[in-house]
$ cat structure03.txt   # compact mmCIF, C-alpha atoms
# COMPACT_ATOMS: atom_id res chain seq x y z
CA MET E 1 27.82 -68.05 -24.77
CA SER E 2 25.75 -71.11 -25.72
CA GLY E 3 27.70 -73.31 -23.35
CA HIS E 4 26.94 -71.04 -20.40
CA SER E 5 23.21 -70.83 -21.13
CA LYS E 6 22.85 -74.59 -21.61
CA TRP E 7 24.75 -75.30 -18.41
CA SER E 8 22.43 -72.89 -16.58
CA THR E 9 19.40 -74.70 -18.02
CA ILE E 10 20.76 -78.07 -16.91
CA LYS E 11 21.38 -76.74 -13.40
CA ARG E 12 17.87 -75.25 -13.20
CA LYS E 13 16.26 -78.58 -14.09
CA LYS E 14 18.23 -80.20 -11.29
CA GLY E 15 17.32 -77.44 -8.83
CA ALA E 16 14.58 -79.52 -7.20
CA LEU E 17 17.18 -82.09 -6.17
CA ASP E 18 19.38 -79.37 -4.71
CA ALA E 19 16.41 -78.07 -2.70
CA LYS E 20 15.70 -81.55 -1.31
CA ARG E 21 19.27 -81.79 -0.15
CA GLY E 22 19.01 -78.43 1.54
CA LYS E 23 21.99 -77.15 -0.40
CA LEU E 24 20.13 -74.61 -2.48
CA PHE E 25 18.83 -72.72 0.55
CA THR E 26 22.27 -72.86 2.17
CA ARG E 27 23.85 -71.23 -0.88
CA LEU E 28 21.12 -68.62 -1.18
CA GLY E 29 21.39 -67.82 2.53
CA ARG E 30 25.13 -67.27 2.27
CA GLU E 31 24.67 -64.98 -0.72
CA LEU E 32 22.06 -62.94 1.19
CA THR E 33 24.37 -62.64 4.20
CA ILE E 34 27.37 -61.51 2.16
CA ALA E 35 25.28 -59.03 0.16
CA ALA E 36 23.82 -57.49 3.33
CA ARG E 37 27.23 -57.39 5.02
CA GLU E 38 28.84 -55.56 2.08
CA GLY E 39 26.07 -53.20 1.02
CA GLY E 40 23.67 -52.98 3.95
CA PRO E 41 20.28 -54.59 4.61
CA ASN E 42 18.19 -52.24 2.43
CA PRO E 43 17.57 -53.88 -0.99
CA ALA E 44 16.52 -50.55 -2.49
CA ALA E 45 20.06 -49.27 -1.97
CA ASN E 46 21.83 -52.60 -2.43
CA THR E 47 21.54 -54.08 -5.92
CA ARG E 48 23.33 -57.30 -5.03
CA LEU E 49 20.99 -57.90 -2.09
CA ARG E 50 17.92 -57.16 -4.22
CA LEU E 51 19.01 -59.75 -6.79
CA ALA E 52 19.76 -62.28 -4.04
CA ILE E 53 16.31 -61.77 -2.49
CA ALA E 54 14.64 -62.21 -5.88
CA LYS E 55 16.56 -65.45 -6.45
CA ALA E 56 15.67 -66.73 -2.98
CA LYS E 57 11.99 -65.98 -3.50
CA ALA E 58 12.03 -67.70 -6.90
CA ALA E 59 13.39 -70.81 -5.15
CA ASN E 60 10.54 -70.61 -2.58
CA MET E 61 12.93 -69.94 0.26
CA PRO E 62 10.88 -69.18 3.42
CA LYS E 63 10.65 -65.50 4.30
CA GLU E 64 11.99 -66.12 7.82
CA ASN E 65 15.10 -67.75 6.32
CA ILE E 66 15.63 -64.75 4.05
CA ASP E 67 15.17 -62.27 6.90
CA ARG E 68 17.49 -64.26 9.19
CA ALA E 69 20.26 -64.39 6.57
CA ILE E 70 19.99 -60.64 5.95
CA ALA E 71 20.02 -59.91 9.69
CA ARG E 72 23.13 -62.05 10.09
CA GLY E 73 24.88 -60.04 7.39
CA ALA E 74 23.75 -56.74 8.90
CA GLY E 75 25.24 -57.70 12.26
CA SER E 76 22.14 -58.56 14.27
CA GLY E 77 21.81 -62.20 15.26
CA ASP E 78 25.46 -62.66 14.27
CA ASP E 79 26.62 -66.20 14.94
CA GLY E 80 30.29 -65.26 14.83
CA VAL E 81 30.92 -67.07 11.56
CA VAL E 82 33.03 -65.09 9.08
CA MET E 83 32.40 -65.96 5.45
CA GLU E 84 34.98 -65.29 2.73
CA GLU E 85 34.40 -64.92 -0.98
CA VAL E 86 37.05 -66.69 -3.06
CA THR E 87 37.35 -67.55 -6.75
CA TYR E 88 39.43 -70.62 -7.59
CA GLU E 89 40.81 -71.30 -11.05
CA GLY E 90 41.76 -74.53 -12.73
CA TYR E 91 41.89 -76.72 -15.81
CA GLY E 92 39.62 -79.72 -16.10
CA PRO E 93 39.94 -82.72 -18.40
CA HIS E 94 41.05 -81.90 -21.97
CA GLY E 95 42.25 -78.43 -20.99
CA VAL E 96 38.84 -76.91 -20.27
CA ALA E 97 39.16 -73.70 -18.23
CA ILE E 98 37.07 -73.58 -15.03
CA LEU E 99 36.28 -70.84 -12.50
CA ILE E 100 34.70 -71.66 -9.12
CA ASP E 101 33.12 -68.97 -6.92
CA VAL E 102 32.82 -69.99 -3.28
CA LEU E 103 31.57 -68.59 0.02
CA THR E 104 33.36 -70.33 2.86
CA ASP E 105 34.13 -70.07 6.56
CA ASN E 106 37.13 -72.37 6.13
CA ARG E 107 39.28 -71.70 3.10
CA ASN E 108 41.58 -74.68 3.73
CA ARG E 109 38.67 -77.11 3.86
CA THR E 110 37.17 -75.75 0.67
CA LEU E 111 40.46 -75.70 -1.23
CA SER E 112 41.20 -79.29 -0.21
CA ALA E 113 37.79 -80.50 -1.43
CA ILE E 114 38.13 -78.68 -4.76
CA ARG E 115 41.69 -79.90 -5.32
CA THR E 116 40.62 -83.51 -4.66
CA LEU E 117 37.90 -83.31 -7.32
CA PHE E 118 40.29 -81.81 -9.89
CA ASN E 119 42.90 -84.48 -9.22
CA ARG E 120 40.36 -87.30 -9.55
CA ALA E 121 39.22 -85.87 -12.89
CA ASN E 122 42.78 -85.57 -14.22
CA GLY E 123 42.60 -81.81 -13.94
CA SER E 124 44.59 -79.32 -11.91
CA LEU E 125 44.16 -76.09 -9.98
CA ALA E 126 45.88 -73.02 -11.41
CA GLU E 127 47.46 -69.86 -10.05
CA ALA E 128 45.44 -66.65 -9.77
CA ASN E 129 44.68 -65.07 -13.17
CA ALA E 130 45.98 -68.11 -15.08
CA VAL E 131 42.40 -68.87 -16.14
CA ALA E 132 40.34 -65.78 -15.29
CA TRP E 133 41.64 -63.80 -18.29
CA GLN E 134 39.66 -66.16 -20.54
CA PHE E 135 36.37 -64.96 -19.02
CA GLU E 136 34.35 -61.78 -18.69
CA ARG E 137 32.15 -60.81 -15.75
CA LYS E 138 28.71 -60.08 -17.19
CA GLY E 139 25.15 -59.67 -16.09
CA TYR E 140 23.00 -62.72 -16.79
CA ILE E 141 19.20 -62.47 -17.00
CA GLU E 142 17.04 -65.51 -17.68
CA ILE E 143 13.56 -64.88 -19.10
CA SER E 144 10.70 -67.36 -19.55
CA ALA E 145 10.06 -67.87 -23.25
CA GLU E 146 6.34 -68.42 -22.78
CA GLY E 147 4.40 -65.83 -24.76
CA VAL E 148 7.53 -63.87 -25.68
CA ASP E 149 8.24 -62.63 -29.20
CA PRO E 150 12.02 -63.14 -29.60
CA ASP E 151 12.32 -60.28 -32.09
CA GLN E 152 10.59 -57.87 -29.71
CA LEU E 153 12.79 -59.07 -26.86
CA LEU E 154 15.87 -58.33 -28.95
CA LEU E 155 14.67 -54.77 -29.48
CA ASP E 156 13.64 -54.22 -25.87
CA ALA E 157 16.88 -55.69 -24.50
CA ALA E 158 18.97 -53.51 -26.81
CA ASP E 159 17.03 -50.41 -25.75
CA ALA E 160 17.57 -51.35 -22.11
CA GLY E 161 21.34 -51.53 -22.59
CA ALA E 162 21.95 -55.29 -23.00
CA ASP E 163 24.97 -56.69 -24.84
CA ASP E 164 23.46 -59.82 -26.32
CA VAL E 165 20.41 -62.10 -26.33
CA VAL E 166 20.40 -65.89 -26.79
CA THR E 167 16.92 -67.18 -27.57
CA GLY E 168 15.71 -70.69 -26.75
CA GLU E 169 12.59 -72.82 -26.61
CA GLU E 170 12.06 -72.62 -22.84
CA THR E 171 14.08 -69.58 -21.84
CA HIS E 172 15.79 -66.57 -23.36
CA ILE E 173 19.10 -65.33 -21.95
CA VAL E 174 20.00 -61.64 -21.87
CA TYR E 175 23.63 -60.63 -21.24
CA THR E 176 24.53 -57.18 -19.95
CA PRO E 177 27.59 -55.18 -18.92
CA ARG E 178 28.24 -56.01 -15.25
CA GLU E 179 27.43 -52.48 -14.12
CA SER E 180 24.13 -52.43 -16.05
CA LEU E 181 22.58 -55.64 -14.74
CA ALA E 182 20.14 -54.06 -12.29
CA ALA E 183 19.05 -51.34 -14.73
CA VAL E 184 18.44 -53.77 -17.60
CA GLU E 185 16.60 -56.18 -15.33
CA THR E 186 14.34 -53.41 -14.06
CA LYS E 187 13.48 -52.20 -17.55
CA LEU E 188 12.71 -55.70 -18.84
CA SER E 189 10.60 -56.46 -15.79
CA GLU E 190 8.66 -53.23 -16.25
CA ALA E 191 8.13 -54.21 -19.91
CA GLY E 192 6.29 -57.32 -18.74
CA TYR E 193 8.92 -60.03 -19.14
CA LYS E 194 8.96 -62.83 -16.56
CA ILE E 195 12.49 -62.97 -15.16
CA THR E 196 13.36 -66.37 -13.68
CA ASP E 197 16.99 -65.72 -12.75
CA SER E 198 19.41 -62.82 -12.57
CA SER E 199 23.03 -62.71 -11.47
CA LEU E 200 26.58 -61.70 -12.26
CA SER E 201 28.24 -64.60 -14.10
CA TRP E 202 31.57 -65.53 -15.63
CA ILE E 203 31.19 -65.80 -19.42
CA ALA E 204 33.90 -67.46 -21.52
CA LYS E 205 35.34 -65.29 -24.28
CA ASN E 206 35.99 -68.35 -26.45
CA GLU E 207 34.54 -71.83 -25.98
CA ILE E 208 36.06 -75.27 -26.53
CA GLU E 209 34.15 -77.91 -28.49
CA LEU E 210 34.67 -81.54 -27.46
CA GLY E 211 33.14 -84.89 -28.39
CA LEU E 212 30.34 -86.44 -26.33
CA GLU E 213 32.55 -88.68 -24.19
CA GLU E 214 35.07 -85.91 -23.46
CA SER E 215 32.30 -83.39 -22.74
CA MET E 216 30.66 -85.80 -20.30
CA GLN E 217 33.97 -86.15 -18.45
CA VAL E 218 34.14 -82.38 -18.06
CA THR E 219 30.49 -81.94 -17.07
CA SER E 220 30.90 -84.70 -14.49
CA LEU E 221 33.58 -82.59 -12.80
CA LEU E 222 31.43 -79.45 -13.08
CA GLU E 223 28.52 -81.25 -11.40
CA LYS E 224 30.69 -82.55 -8.56
CA LEU E 225 32.07 -79.06 -7.97
CA GLU E 226 28.53 -77.63 -7.91
CA GLU E 227 27.58 -80.18 -5.24
CA LEU E 228 30.18 -78.91 -2.76
CA ASP E 229 28.44 -76.99 0.05
CA ASP E 230 30.74 -73.97 -0.19
CA VAL E 231 30.50 -73.56 -3.97
CA GLN E 232 28.18 -70.82 -5.19
CA SER E 233 28.73 -71.14 -8.93
CA VAL E 234 30.91 -72.86 -11.53
CA ALA E 235 31.79 -71.56 -14.99
CA SER E 236 33.76 -73.15 -17.83
CA ASN E 237 34.65 -72.51 -21.45
CA LEU E 238 33.16 -75.82 -22.59
CA SER E 239 30.75 -75.53 -25.50
CA ILE E 240 27.87 -77.81 -24.46
CA SER E 241 26.22 -79.33 -27.53
CA ASP E 242 22.54 -80.27 -27.76
CA GLU E 243 23.67 -83.91 -27.64
CA VAL E 244 25.50 -83.41 -24.35
CA ALA E 245 22.61 -81.42 -22.85
CA ALA E 246 20.19 -84.22 -23.79
CA ALA E 247 22.49 -86.87 -22.31
CA MET E 248 22.75 -84.97 -19.02
CA ALA E 249 19.01 -84.37 -18.85

$ encode --input "structure03.txt" --output "structure tokens"
Amino acid sequence: MSGHSKWSTIKRKKGALDAKRGKLFTRLGRELTIAAREGGPNPAANTRLRLAIAKAKAANMPKENIDRAIARGAGSGDDGVVMEEVTYEGYGPHGVAILIDVLTDNRNRTLSAIRTLFNRANGSLAEANAVAWQFERKGYIEISAEGVDPDQLLLDAADAGADDVVTGEETHIVYTPRESLAAVETKLSEAGYKITDSSLSWIAKNEIELGLEESMQVTSLLEKLEELDDVQSVASNLSISDEVAAAMA
């Protein structure tokens, strides 16, 4: 799971750039709309929406933007745009498995853009379930490490129902069963931990270790995929070393 947590850290540090481009708010707005459309506009009864709102607030998304996205999903203020959730699968350079979650109003456009990036990187798209079996859908909770005793966090996370904890210098990552994400997050928040991110994520069952040059080729593709407007998240089974993380930073 180290590769996933390091990739998340790298993306967080580049979040300011995403915000300047307007892409971060676009992605958060789409997630709010889909969550409200599927589970209703009440966050108390809609776990996915509650997590999306928390993420939007953490990114300093204006309240009117949040409310407008939720209203769109609930059917009021509908602009007639129908968004689809799709997960694309593929293999990047050196056989690294990649999953891409998208929210799109034009599946053909999105697929064409993703295929172009894979081809340019000497990768290829794959059929459904050709890659997904190598991953698990898990809850992902990111906690600020400031003032946190890692040993106590391990105990509290286990009591809350978490599967695993990966500690770090800046953040600690708590992994949960997918169905327990909201419950674990609530218990850790009530225990006083500062949660900086929370979502359902694809976690590789087994990771691939590559050299610096090969890893940079893969992460270059991952970054380009992340930059596509319709892409919500990207996961891979690449084990990102400290050397690679430092080079990307």

$ residues_around --input "structure03.txt" --residues "E:Leu238" --least-positions-apart "3" --cutoff "12 Å" --atoms "all atoms listed in the file" --output "MDAnalysis selection string"
chainID E and resid 1:7 91:99 134:135 203:212 214:219 221:222 234:235 241 244:245

$ atom_distance --input "structure03.txt" --atom1 "atom CA of E:Lys187" --atom2 "atom CA of E:Ile66"
25.1 Å

$ atom_distance --input "structure03.txt" --atom1 "atom CA of E:Ala56" --atom2 "atom CA of E:Arg178"
20.6 Å

$ closest_residue --input "structure03.txt" --among "E:Asp197, E:Val86, E:Val166, E:Ile34" --to "E:Lys57" --atoms "all atoms listed in the file"
E:Asp197

$ atom_distance --input "structure03.txt" --atom1 "atom CA of E:Asp229" --atom2 "atom CA of E:His172"
28.6 Å

$ closest_residue --input "structure03.txt" --among "E:Gly139, E:Gly123, E:Gly39, E:Gly168" --to "E:Ala182" --atoms "all atoms listed in the file"
E:Gly139

$ closest_residue --input "structure03.txt" --among "E:Ile141, E:Val148, E:Ile240, E:Val165" --to "E:Val184" --atoms "only C-alpha atoms"
E:Ile141

$ closest_residue --input "structure03.txt" --among "E:Lys224, E:Arg109, E:Lys194, E:Arg30" --to "E:Asn65" --atoms "all atoms listed in the file"
E:Arg30

$ closest_residue --input "structure03.txt" --among "E:Arg48, E:Lys23, E:Lys55, E:Arg137" --to "E:Thr176" --atoms "all atoms listed in the file"
E:Arg137

$ residues_around --input "structure03.txt" --residues "E:Ser233" --least-positions-apart "5" --cutoff "7 Å" --atoms "all atoms listed in the file" --output "VMD selection string"
chain E and resid 100 to 101 226

$ residues_near_point --input "structure03.txt" --point "(23.5, -74.1, 4.6)" --cutoff "12 Å" --atoms "all atoms listed in the file" --output "list in words"
Asp18, Ala19, Arg21, Gly22, Lys23, Leu24, Phe25, Thr26, Arg27, Leu28, Gly29, Arg30, Glu31, Leu32, Thr33, Asn65, Ala69, Leu103, Thr104, Asp105, Leu228, Asp229, Asp230, Val231 and Gln232 of chain E

$ residues_around --input "structure03.txt" --residues "E:Gly192" --least-positions-apart "2" --cutoff "12 Å" --atoms "all atoms listed in the file" --output "ChimeraX atom specification"
/E:143-144,146-149,152-153,156,185-190,194-195

$ closest_residue --input "structure03.txt" --among "E:Val174, E:Leu49, E:Ala247, E:Ala58" --to "E:Gly73" --atoms "all atoms listed in the file"
E:Leu49

$ axis_aligned_box --input "structure03.txt" --around "stretch 89-94 of chain E" --padding-each-side "3 Å" --output "lines of an AutoDock Vina configuration file"
center_x = 40.8
center_y = -77.0
center_z = -16.5
size_x = 8.3
size_y = 17.4
size_z = 16.9

$ build_atoms --input "structure03.txt" --residues "stretch 186-213 of chain E" --atoms "N, CA and C atoms" --output "mmCIF file, in the coordinates of the input"
data_model
loop_
_atom_site.group_PDB
_atom_site.id
_atom_site.type_symbol
_atom_site.label_atom_id
_atom_site.label_comp_id
_atom_site.auth_asym_id
_atom_site.auth_seq_id
_atom_site.Cartn_x
_atom_site.Cartn_y
_atom_site.Cartn_z
ATOM 1 N N THR E 186 15.500 -54.230 -14.427
ATOM 2 C CA THR E 186 14.340 -53.410 -14.060
ATOM 3 C C THR E 186 13.523 -53.029 -15.281
ATOM 4 N N LYS E 187 14.194 -52.616 -16.347
ATOM 5 C CA LYS E 187 13.480 -52.200 -17.550
ATOM 6 C C LYS E 187 12.740 -53.367 -18.207
ATOM 7 N N LEU E 188 13.361 -54.541 -18.238
ATOM 8 C CA LEU E 188 12.710 -55.700 -18.840
ATOM 9 C C LEU E 188 11.538 -56.172 -17.993
ATOM 10 N N SER E 189 11.694 -56.089 -16.679
ATOM 11 C CA SER E 189 10.600 -56.460 -15.790
ATOM 12 C C SER E 189 9.425 -55.512 -15.964
ATOM 13 N N GLU E 190 9.715 -54.230 -16.054
ATOM 14 C CA GLU E 190 8.660 -53.230 -16.250
ATOM 15 C C GLU E 190 7.979 -53.399 -17.603
ATOM 16 N N ALA E 191 8.711 -53.977 -18.576
ATOM 17 C CA ALA E 191 8.130 -54.210 -19.910
ATOM 18 C C ALA E 191 7.268 -55.466 -19.938
ATOM 19 N N GLY E 192 7.192 -56.184 -18.817
ATOM 20 C CA GLY E 192 6.290 -57.320 -18.740
ATOM 21 C C GLY E 192 6.932 -58.690 -18.886
ATOM 22 N N TYR E 193 8.252 -58.736 -18.993
ATOM 23 C CA TYR E 193 8.920 -60.030 -19.140
ATOM 24 C C TYR E 193 9.041 -60.726 -17.781
ATOM 25 N N LYS E 194 8.854 -62.046 -17.779
ATOM 26 C CA LYS E 194 8.960 -62.830 -16.560
ATOM 27 C C LYS E 194 10.412 -63.277 -16.373
ATOM 28 N N ILE E 195 11.087 -62.669 -15.424
ATOM 29 C CA ILE E 195 12.490 -62.970 -15.160
ATOM 30 C C ILE E 195 12.581 -64.114 -14.150
ATOM 31 N N THR E 196 13.259 -65.182 -14.540
ATOM 32 C CA THR E 196 13.360 -66.370 -13.680
ATOM 33 C C THR E 196 14.714 -66.476 -12.976
ATOM 34 N N ASP E 197 15.689 -65.709 -13.417
ATOM 35 C CA ASP E 197 16.990 -65.720 -12.750
ATOM 36 C C ASP E 197 17.767 -64.481 -13.174
ATOM 37 N N SER E 198 18.607 -64.008 -12.284
ATOM 38 C CA SER E 198 19.410 -62.820 -12.570
ATOM 39 C C SER E 198 20.634 -62.847 -11.670
ATOM 40 N N SER E 199 21.811 -62.658 -12.262
ATOM 41 C CA SER E 199 23.030 -62.710 -11.470
ATOM 42 C C SER E 199 24.204 -62.173 -12.277
ATOM 43 N N LEU E 200 25.319 -61.954 -11.582
ATOM 44 C CA LEU E 200 26.580 -61.700 -12.260
ATOM 45 C C LEU E 200 27.245 -63.038 -12.513
ATOM 46 N N SER E 201 27.695 -63.289 -13.734
ATOM 47 C CA SER E 201 28.240 -64.600 -14.100
ATOM 48 C C SER E 201 29.539 -64.438 -14.882
ATOM 49 N N TRP E 202 30.362 -65.481 -14.814
ATOM 50 C CA TRP E 202 31.570 -65.530 -15.630
ATOM 51 C C TRP E 202 31.203 -66.111 -16.997
ATOM 52 N N ILE E 203 31.507 -65.374 -18.059
ATOM 53 C CA ILE E 203 31.190 -65.800 -19.420
ATOM 54 C C ILE E 203 32.496 -65.991 -20.202
ATOM 55 N N ALA E 204 32.673 -67.170 -20.774
ATOM 56 C CA ALA E 204 33.900 -67.460 -21.520
ATOM 57 C C ALA E 204 33.970 -66.621 -22.790
ATOM 58 N N LYS E 205 35.149 -66.062 -23.059
ATOM 59 C CA LYS E 205 35.340 -65.290 -24.280
ATOM 60 C C LYS E 205 35.358 -66.194 -25.504
ATOM 61 N N ASN E 206 35.953 -67.366 -25.363
ATOM 62 C CA ASN E 206 35.990 -68.350 -26.450
ATOM 63 C C ASN E 206 35.750 -69.735 -25.845
ATOM 64 N N GLU E 207 34.902 -70.515 -26.501
ATOM 65 C CA GLU E 207 34.540 -71.830 -25.980
ATOM 66 C C GLU E 207 35.274 -72.956 -26.705
ATOM 67 N N ILE E 208 35.410 -74.079 -25.986
ATOM 68 C CA ILE E 208 36.060 -75.270 -26.530
ATOM 69 C C ILE E 208 34.995 -76.308 -26.880
ATOM 70 N N GLU E 209 35.074 -76.855 -28.081
ATOM 71 C CA GLU E 209 34.150 -77.910 -28.490
ATOM 72 C C GLU E 209 34.838 -79.271 -28.327
ATOM 73 N N LEU E 210 34.153 -80.199 -27.669
ATOM 74 C CA LEU E 210 34.670 -81.540 -27.460
ATOM 75 C C LEU E 210 33.624 -82.571 -27.911
ATOM 76 N N GLY E 211 34.064 -83.811 -28.061
ATOM 77 C CA GLY E 211 33.140 -84.890 -28.390
ATOM 78 C C GLY E 211 32.278 -85.226 -27.189
ATOM 79 N N LEU E 212 31.287 -86.110 -27.391
ATOM 80 C CA LEU E 212 30.340 -86.440 -26.330
ATOM 81 C C LEU E 212 31.041 -87.031 -25.115
ATOM 82 N N GLU E 213 31.903 -88.020 -25.317
ATOM 83 C CA GLU E 213 32.550 -88.680 -24.190
ATOM 84 C C GLU E 213 33.428 -87.705 -23.406
#
